[in-house]
file structure-v2.pdb (PDB, C-alpha atoms, pLDDT in the B column)
ATOM      1  CA  MET U 943      31.043 -52.869  82.485  1.00 43.00           C
ATOM      2  CA  GLU U 944      27.927 -52.253  80.481  1.00 59.00           C
ATOM      3  CA  GLY U 945      26.502 -49.408  78.421  1.00 67.00           C
ATOM      4  CA  LEU U 946      24.971 -46.372  80.027  1.00 77.00           C
ATOM      5  CA  GLY U 947      21.358 -47.221  79.252  1.00 74.00           C
ATOM      6  CA  PRO U 948      18.908 -44.939  77.473  1.00 76.00           C
ATOM      7  CA  VAL U 949      21.185 -42.334  75.895  1.00 81.00           C
ATOM      8  CA  ALA U 950      21.028 -41.018  72.338  1.00 80.00           C
ATOM      9  CA  TRP U 951      24.138 -42.290  70.586  1.00 82.00           C
ATOM     10  CA  PRO U 952      26.218 -41.162  68.869  1.00 81.00           C
ATOM     11  CA  PRO U 953      25.969 -37.556  69.962  1.00 87.00           C
ATOM     12  CA  GLU U 954      27.123 -34.727  67.759  1.00 92.00           C
ATOM     13  CA  PRO U 955      30.862 -34.238  68.296  1.00 96.00           C
ATOM     14  CA  ILE U 956      31.535 -32.343  71.504  1.00 96.00           C
ATOM     15  CA  ARG U 957      33.808 -29.351  70.959  1.00 97.00           C
ATOM     16  CA  THR U 958      35.816 -27.701  73.692  1.00 97.00           C
ATOM     17  CA  GLU U 959      38.274 -24.843  73.434  1.00 96.00           C
ATOM     18  CA  ARG U 960      40.995 -27.138  72.027  1.00 98.00           C
ATOM     19  CA  LEU U 961      39.524 -30.603  71.594  1.00 98.00           C
ATOM     20  CA  VAL U 962      36.832 -32.620  69.855  1.00 98.00           C
ATOM     21  CA  LEU U 963      35.209 -35.646  71.502  1.00 97.00           C
ATOM     22  CA  ARG U 964      33.713 -37.945  68.905  1.00 96.00           C
ATOM     23  CA  GLU U 965      32.832 -41.518  68.130  1.00 93.00           C
ATOM     24  CA  PRO U 966      35.770 -43.827  67.223  1.00 93.00           C
ATOM     25  CA  GLU U 967      36.529 -44.297  63.513  1.00 93.00           C
ATOM     26  CA  THR U 968      38.586 -46.766  61.491  1.00 93.00           C
ATOM     27  CA  ARG U 969      41.436 -44.227  61.210  1.00 94.00           C
ATOM     28  CA  ASP U 970      41.874 -44.390  65.022  1.00 95.00           C
ATOM     29  CA  ARG U 971      42.917 -48.059  65.129  1.00 94.00           C
ATOM     30  CA  ALA U 972      46.689 -47.412  65.208  1.00 94.00           C
ATOM     31  CA  VAL U 973      46.342 -44.952  68.102  1.00 95.00           C
ATOM     32  CA  PHE U 974      44.153 -47.390  70.066  1.00 94.00           C
ATOM     33  CA  ILE U 975      46.909 -49.986  69.646  1.00 95.00           C
ATOM     34  CA  GLU U 976      49.519 -47.442  70.741  1.00 95.00           C
ATOM     35  CA  LEU U 977      47.463 -46.584  73.862  1.00 94.00           C
ATOM     36  CA  LEU U 978      46.926 -50.216  74.853  1.00 93.00           C
ATOM     37  CA  ALA U 979      50.556 -51.237  74.188  1.00 95.00           C
ATOM     38  CA  SER U 980      52.139 -48.263  75.989  1.00 95.00           C
ATOM     39  CA  PRO U 981      54.046 -49.144  79.185  1.00 93.00           C
ATOM     40  CA  GLU U 982      53.735 -45.497  80.350  1.00 94.00           C
ATOM     41  CA  VAL U 983      49.953 -45.397  79.867  1.00 93.00           C
ATOM     42  CA  HIS U 984      49.515 -48.719  81.678  1.00 90.00           C
ATOM     43  CA  THR U 985      51.878 -48.128  84.608  1.00 89.00           C
ATOM     44  CA  TYR U 986      48.912 -48.160  87.014  1.00 88.00           C
ATOM     45  CA  LEU U 987      46.598 -50.345  84.931  1.00 86.00           C
ATOM     46  CA  GLY U 988      48.229 -53.747  85.178  1.00 84.00           C
ATOM     47  CA  GLY U 989      50.771 -53.286  82.391  1.00 85.00           C
ATOM     48  CA  PRO U 990      50.532 -52.989  78.616  1.00 88.00           C
ATOM     49  CA  ARG U 991      49.246 -55.611  76.216  1.00 92.00           C
ATOM     50  CA  PRO U 992      51.650 -57.021  73.615  1.00 93.00           C
ATOM     51  CA  ARG U 993      51.520 -54.973  70.400  1.00 93.00           C
ATOM     52  CA  ASP U 994      51.499 -58.043  68.132  1.00 94.00           C
ATOM     53  CA  GLU U 995      48.509 -59.451  70.050  1.00 94.00           C
ATOM     54  CA  LEU U 996      46.667 -56.140  69.687  1.00 93.00           C
ATOM     55  CA  GLU U 997      47.462 -56.005  65.965  1.00 92.00           C
ATOM     56  CA  ARG U 998      45.920 -59.472  65.515  1.00 92.00           C
ATOM     57  CA  GLU U 999      42.873 -59.021  67.766  1.00 91.00           C
ATOM     58  CA  MET U1000      41.746 -55.423  67.302  1.00 89.00           C
ATOM     59  CA  PRO U1001      39.073 -55.061  64.626  1.00 86.00           C
ATOM     60  CA  ALA U1002      39.653 -52.697  61.709  1.00 83.00           C
ATOM     61  CA  ALA U1003      37.033 -50.368  63.167  1.00 78.00           C
ATOM     62  CA  PRO U1004      37.461 -49.749  66.923  1.00 79.00           C
ATOM     63  CA  GLU U1005      34.463 -50.412  69.159  1.00 75.00           C
ATOM     64  CA  ARG U1006      31.697 -47.853  68.742  1.00 77.00           C
ATOM     65  CA  SER U1007      29.509 -47.977  71.805  1.00 82.00           C
ATOM     66  CA  PRO U1008      27.674 -45.418  73.928  1.00 83.00           C
ATOM     67  CA  GLY U1009      30.079 -43.620  76.216  1.00 88.00           C
ATOM     68  CA  SER U1010      33.231 -44.335  74.174  1.00 91.00           C
ATOM     69  CA  PHE U1011      34.736 -41.059  72.974  1.00 95.00           C
ATOM     70  CA  VAL U1012      37.892 -40.460  70.984  1.00 96.00           C
ATOM     71  CA  VAL U1013      39.663 -37.285  72.091  1.00 98.00           C
ATOM     72  CA  GLU U1014      41.017 -35.423  69.091  1.00 98.00           C
ATOM     73  CA  LEU U1015      43.461 -32.519  68.959  1.00 98.00           C
ATOM     74  CA  ASP U1016      44.056 -30.754  65.639  1.00 97.00           C
ATOM     75  CA  GLY U1017      42.503 -33.672  63.733  1.00 96.00           C
ATOM     76  CA  SER U1018      44.489 -36.447  65.452  1.00 96.00           C
ATOM     77  CA  MET U1019      43.465 -38.823  68.236  1.00 97.00           C
ATOM     78  CA  ILE U1020      45.346 -38.227  71.493  1.00 98.00           C
ATOM     79  CA  GLY U1021      43.220 -40.239  73.897  1.00 97.00           C
ATOM     80  CA  GLN U1022      39.985 -41.941  74.840  1.00 96.00           C
ATOM     81  CA  ILE U1023      37.257 -41.239  77.381  1.00 96.00           C
ATOM     82  CA  LEU U1024      35.012 -44.083  78.528  1.00 93.00           C
ATOM     83  CA  LEU U1025      31.759 -43.709  80.408  1.00 94.00           C
ATOM     84  CA  ARG U1026      30.293 -47.119  81.253  1.00 90.00           C
ATOM     85  CA  ARG U1027      27.886 -48.577  83.781  1.00 89.00           C
ATOM     86  CA  ALA U1028      29.907 -50.106  86.651  1.00 80.00           C
ATOM     87  CA  THR U1029      27.715 -53.190  87.025  1.00 75.00           C
ATOM     88  CA  GLY U1030      30.511 -55.554  88.037  1.00 70.00           C
ATOM     89  CA  HIS U1031      32.443 -53.160  90.268  1.00 71.00           C
ATOM     90  CA  ARG U1032      33.896 -54.802  93.379  1.00 75.00           C
ATOM     91  CA  ARG U1033      32.971 -51.874  95.629  1.00 83.00           C
ATOM     92  CA  PRO U1034      29.289 -51.560  96.649  1.00 79.00           C
ATOM     93  CA  ALA U1035      29.453 -47.732  96.534  1.00 84.00           C
ATOM     94  CA  ALA U1036      30.279 -47.896  92.811  1.00 85.00           C
ATOM     95  CA  ALA U1037      28.089 -50.773  91.632  1.00 83.00           C
ATOM     96  CA  GLY U1038      25.596 -49.715  88.981  1.00 85.00           C
ATOM     97  CA  LYS U1039      26.827 -46.139  88.685  1.00 90.00           C
ATOM     98  CA  ALA U1040      28.377 -44.521  85.635  1.00 92.00           C
ATOM     99  CA  ASP U1041      32.147 -45.042  85.692  1.00 93.00           C
ATOM    100  CA  LEU U1042      34.661 -42.626  84.111  1.00 96.00           C
ATOM    101  CA  GLY U1043      37.837 -43.965  82.533  1.00 95.00           C
ATOM    102  CA  TYR U1044      40.426 -42.282  80.322  1.00 96.00           C
ATOM    103  CA  LEU U1045      43.641 -43.028  78.480  1.00 96.00           C
ATOM    104  CA  PHE U1046      45.900 -40.416  76.886  1.00 97.00           C
ATOM    105  CA  LEU U1047      49.100 -40.773  74.894  1.00 97.00           C
ATOM    106  CA  PRO U1048      52.153 -39.753  76.948  1.00 96.00           C
ATOM    107  CA  ARG U1049      52.948 -36.958  74.474  1.00 96.00           C
ATOM    108  CA  ALA U1050      49.576 -35.386  75.420  1.00 97.00           C
ATOM    109  CA  TRP U1051      50.261 -35.398  79.176  1.00 96.00           C
ATOM    110  CA  GLY U1052      50.779 -32.168  81.087  1.00 95.00           C
ATOM    111  CA  PHE U1053      48.727 -29.839  78.866  1.00 97.00           C
ATOM    112  CA  GLY U1054      45.342 -30.094  80.616  1.00 97.00           C
ATOM    113  CA  TYR U1055      43.764 -32.128  77.790  1.00 98.00           C
ATOM    114  CA  ALA U1056      42.518 -34.873  80.130  1.00 97.00           C
ATOM    115  CA  ALA U1057      40.796 -32.351  82.399  1.00 97.00           C
ATOM    116  CA  GLU U1058      39.246 -30.533  79.437  1.00 98.00           C
ATOM    117  CA  ALA U1059      38.041 -33.752  77.776  1.00 98.00           C
ATOM    118  CA  CYS U1060      36.749 -35.379  80.984  1.00 97.00           C
ATOM    119  CA  ALA U1061      34.872 -32.205  81.960  1.00 97.00           C
ATOM    120  CA  ALA U1062      33.230 -32.128  78.524  1.00 97.00           C
ATOM    121  CA  ALA U1063      32.268 -35.822  78.757  1.00 96.00           C
ATOM    122  CA  LEU U1064      30.837 -35.302  82.232  1.00 96.00           C
ATOM    123  CA  GLY U1065      28.855 -32.322  80.920  1.00 94.00           C
ATOM    124  CA  TRP U1066      27.453 -34.504  78.118  1.00 93.00           C
ATOM    125  CA  LEU U1067      26.473 -37.181  80.644  1.00 93.00           C
ATOM    126  CA  ALA U1068      24.834 -34.607  82.923  1.00 92.00           C
ATOM    127  CA  ASP U1069      22.617 -33.578  79.988  1.00 91.00           C
ATOM    128  CA  ALA U1070      21.990 -37.139  78.755  1.00 90.00           C
ATOM    129  CA  LEU U1071      21.245 -38.617  82.203  1.00 91.00           C
ATOM    130  CA  PRO U1072      20.368 -35.722  84.545  1.00 91.00           C
ATOM    131  CA  GLY U1073      21.338 -36.332  88.147  1.00 91.00           C
ATOM    132  CA  GLU U1074      23.508 -39.379  87.330  1.00 91.00           C
ATOM    133  CA  PRO U1075      26.458 -39.712  89.733  1.00 94.00           C
ATOM    134  CA  VAL U1076      29.779 -40.880  88.293  1.00 96.00           C
ATOM    135  CA  VAL U1077      32.534 -42.891  89.962  1.00 95.00           C
ATOM    136  CA  LEU U1078      36.242 -42.976  89.226  1.00 95.00           C
ATOM    137  CA  THR U1079      38.782 -45.451  90.568  1.00 94.00           C
ATOM    138  CA  THR U1080      42.542 -44.963  90.448  1.00 94.00           C
ATOM    139  CA  GLN U1081      45.620 -46.057  92.350  1.00 94.00           C
ATOM    140  CA  THR U1082      46.618 -43.572  95.016  1.00 96.00           C
ATOM    141  CA  ALA U1083      50.183 -43.830  93.638  1.00 95.00           C
ATOM    142  CA  ASN U1084      48.931 -42.349  90.349  1.00 95.00           C
ATOM    143  CA  VAL U1085      49.476 -38.729  91.345  1.00 95.00           C
ATOM    144  CA  GLY U1086      48.307 -37.362  87.976  1.00 94.00           C
ATOM    145  CA  SER U1087      44.971 -39.190  88.146  1.00 95.00           C
ATOM    146  CA  MET U1088      44.481 -38.201  91.778  1.00 97.00           C
ATOM    147  CA  ARG U1089      45.074 -34.556  90.824  1.00 96.00           C
ATOM    148  CA  LEU U1090      42.679 -34.849  87.857  1.00 97.00           C
ATOM    149  CA  ALA U1091      39.950 -36.402  90.030  1.00 97.00           C
ATOM    150  CA  ALA U1092      40.199 -33.482  92.459  1.00 96.00           C
ATOM    151  CA  LYS U1093      40.193 -30.925  89.641  1.00 96.00           C
ATOM    152  CA  LEU U1094      37.039 -32.487  88.148  1.00 97.00           C
ATOM    153  CA  GLY U1095      35.269 -32.352  91.516  1.00 96.00           C
ATOM    154  CA  PHE U1096      35.325 -36.038  92.500  1.00 97.00           C
ATOM    155  CA  THR U1097      35.165 -36.555  96.256  1.00 96.00           C
ATOM    156  CA  GLU U1098      36.638 -39.531  98.037  1.00 96.00           C
ATOM    157  CA  VAL U1099      34.240 -42.329  98.948  1.00 95.00           C
ATOM    158  CA  GLU U1100      36.797 -44.870 100.102  1.00 94.00           C
ATOM    159  CA  ARG U1101      40.265 -46.350  99.734  1.00 95.00           C
ATOM    160  CA  PHE U1102      40.818 -50.070  99.398  1.00 92.00           C
ATOM    161  CA  GLU U1103      43.462 -52.630  98.481  1.00 91.00           C
ATOM    162  CA  ALA U1104      43.229 -54.358  95.102  1.00 85.00           C
ATOM    163  CA  TRP U1105      45.719 -55.688  92.556  1.00 79.00           C
ATOM    164  CA  GLY U1106      48.538 -55.276  95.082  1.00 87.00           C
ATOM    165  CA  ALA U1107      48.083 -51.520  95.543  1.00 90.00           C
ATOM    166  CA  GLU U1108      45.957 -48.960  97.372  1.00 94.00           C
ATOM    167  CA  GLN U1109      43.018 -47.827  95.223  1.00 93.00           C
ATOM    168  CA  TRP U1110      40.986 -44.633  95.512  1.00 95.00           C
ATOM    169  CA  LEU U1111      37.266 -44.471  94.724  1.00 94.00           C
ATOM    170  CA  GLY U1112      35.726 -41.061  94.164  1.00 95.00           C
ATOM    171  CA  MET U1113      32.265 -39.857  93.211  1.00 95.00           C
ATOM    172  CA  TRP U1114      31.092 -36.881  91.152  1.00 96.00           C
ATOM    173  CA  SER U1115      27.635 -35.383  91.095  1.00 90.00           C
ATOM    174  CA  PRO U1116      26.459 -33.199  88.187  1.00 83.00           C
ATOM    175  CA  VAL U1117      25.071 -30.590  90.581  1.00 73.00           C
ATOM    176  CA  GLN U1118      28.512 -29.986  92.156  1.00 55.00           C
ATOM    177  CA  VAL U1119      30.266 -27.947  89.477  1.00 48.00           C
ATOM    178  CA  ARG U1120      27.852 -26.495  86.931  1.00 47.00           C
ATOM    179  CA  HIS U1121      28.534 -22.954  85.833  1.00 43.00           C
ATOM    180  CA  GLU U1122      27.785 -20.477  83.030  1.00 38.00           C
ATOM    181  CA  ARG U1123      26.385 -22.727  80.290  1.00 38.00           C
ATOM    182  CA  PRO U1124      23.959 -25.587  80.914  1.00 39.00           C
ATOM    183  CA  GLY U1125      25.529 -28.884  79.890  1.00 42.00           C
ATOM    184  CA  LEU U1126      29.096 -27.668  80.297  1.00 47.00           C
ATOM    185  CA  VAL U1127      30.938 -28.777  83.380  1.00 41.00           C
ATOM    186  CA  ARG U1128      33.946 -26.772  84.381  1.00 39.00           C
ATOM    187  CA  SER U1129      36.505 -27.873  86.901  1.00 36.00           C
ATOM    188  CA  ALA U1130      36.551 -25.998  90.166  1.00 37.00           C
ATOM    189  CA  GLN U1131      39.419 -23.496  90.249  1.00 33.00           C
TER
END
call {"tool": "encode", "arguments": {"input": "structure-v2.pdb", "output": "structure tokens"}}
result
Amino acid sequence: MEGLGPVAWPPEPIRTERLVLREPETRDRAVFIELLASPEVHTYLGGPRPRDELEREMPAAPERSPGSFVVELDGSMIGQILLRRATGHRRPAAAGKADLGYLFLPRAWGFGYAAEACAAALGWLADALPGEPVVLTTQTANVGSMRLAAKLGFTEVERFEAWGAEQWLGMWSPVQVRHERPGLVRSAQ
């Protein structure tokens, strides 16, 4: 995965009704380690990384690169949104497109935070790179991610086998779900 290309970075923090999307900071390191070491978070992502390995390898300041957003609730990090260029994607339909990824702490699941944060990130991308389609890949067994993809307006491109499981590839277009305010993407109800 590579950066998104010519986007102004970092943007001003993106504020939604309940969340703030912002650039990673040094104070987020412990939560990044928690996300990457969590067996629940990595159930469909190949398994967690060992915490002691993460403690040794993760820099004091988490990576700050275009498209990497910390999701904050009431001043604390609860997740991460990643928008990257899918240059090395195995599926031709996805290669070179913007790719959406997200990780949220299990204690933040079930409250709609992922949908709210992803919609805000997609709205930012639609303003930064007008007309840019976005892809999302998830295991079909990951019911929560499948539901989120549908809520955000991703449409199925294909299903394929990889890493011993059926994968789902969806695509989103910024012209699909724009409503009241320019730059804000709302999920279809």
call {"tool": "residues_around", "arguments": {"input": "structure-v2.pdb", "residues": "Leu1025 of chain U", "least_positions_apart": "5", "cutoff": "7 Å", "atoms": "all atoms listed in the file", "output": "PyMOL selection string"}}
result
chain U and resi 1009-1010+1040-1043
call {"tool": "write_last_selection", "arguments": {"input": "structure-v2.pdb", "atoms": "C-alpha atoms", "output": "PDB file, in the frame of the given file"}}
result
ATOM      1  CA  GLY U1009      30.079 -43.620  76.216  1.00 88.00           C
ATOM      2  CA  SER U1010      33.231 -44.335  74.174  1.00 91.00           C
ATOM      3  CA  ALA U1040      28.377 -44.521  85.635  1.00 92.00           C
ATOM      4  CA  ASP U1041      32.147 -45.042  85.692  1.00 93.00           C
ATOM      5  CA  LEU U1042      34.661 -42.626  84.111  1.00 96.00           C
ATOM      6  CA  GLY U1043      37.837 -43.965  82.533  1.00 95.00           C
TER       7      GLY U1043
END
call {"tool": "atom_distance", "arguments": {"input": "structure-v2.pdb", "atom1": "atom CA of Leu978 of chain U", "atom2": "atom CA of Ile956 of chain U"}}
result
23.8 Å
call {"tool": "residues_around", "arguments": {"input": "structure-v2.pdb", "residues": "Arg993 of chain U", "least_positions_apart": "3", "cutoff": "9 Å", "atoms": "only C-alpha atoms", "output": "JSON, numbers by chain"}}
result
{"U": [975, 976, 978, 979, 980, 990, 996, 997, 998]}
call {"tool": "atom_distance", "arguments": {"input": "structure-v2.pdb", "atom1": "atom CA of Thr1082 of chain U", "atom2": "atom CA of Ala1068 of chain U"}}
result
26.5 Å
call {"tool": "resolve_selection", "arguments": {"input": "structure-v2.pdb", "expression": "the PyMOL selection byres ((chain U and resi 1018) around 10)", "output": "number ranges by chain"}}
result
U: 961-962, 969-970, 973, 1012-1017, 1019-1021
call {"tool": "closest_residue", "arguments": {"input": "structure-v2.pdb", "among": "U:Pro955, U:Gly989, U:Pro966, U:Gly1054", "to": "Leu1024 of chain U", "atoms": "only C-alpha atoms"}}
result
U:Pro966
call {"tool": "atom_distance", "arguments": {"input": "structure-v2.pdb", "atom1": "atom CA of Glu954 of chain U", "atom2": "atom CA of Thr1029 of chain U"}}
result
26.7 Å
call {"tool": "closest_residue", "arguments": {"input": "structure-v2.pdb", "among": "U:Glu999, U:Pro1048, U:Pro1034, U:Arg964", "to": "His984 of chain U", "atoms": "all atoms listed in the file"}}
result
U:Pro1048
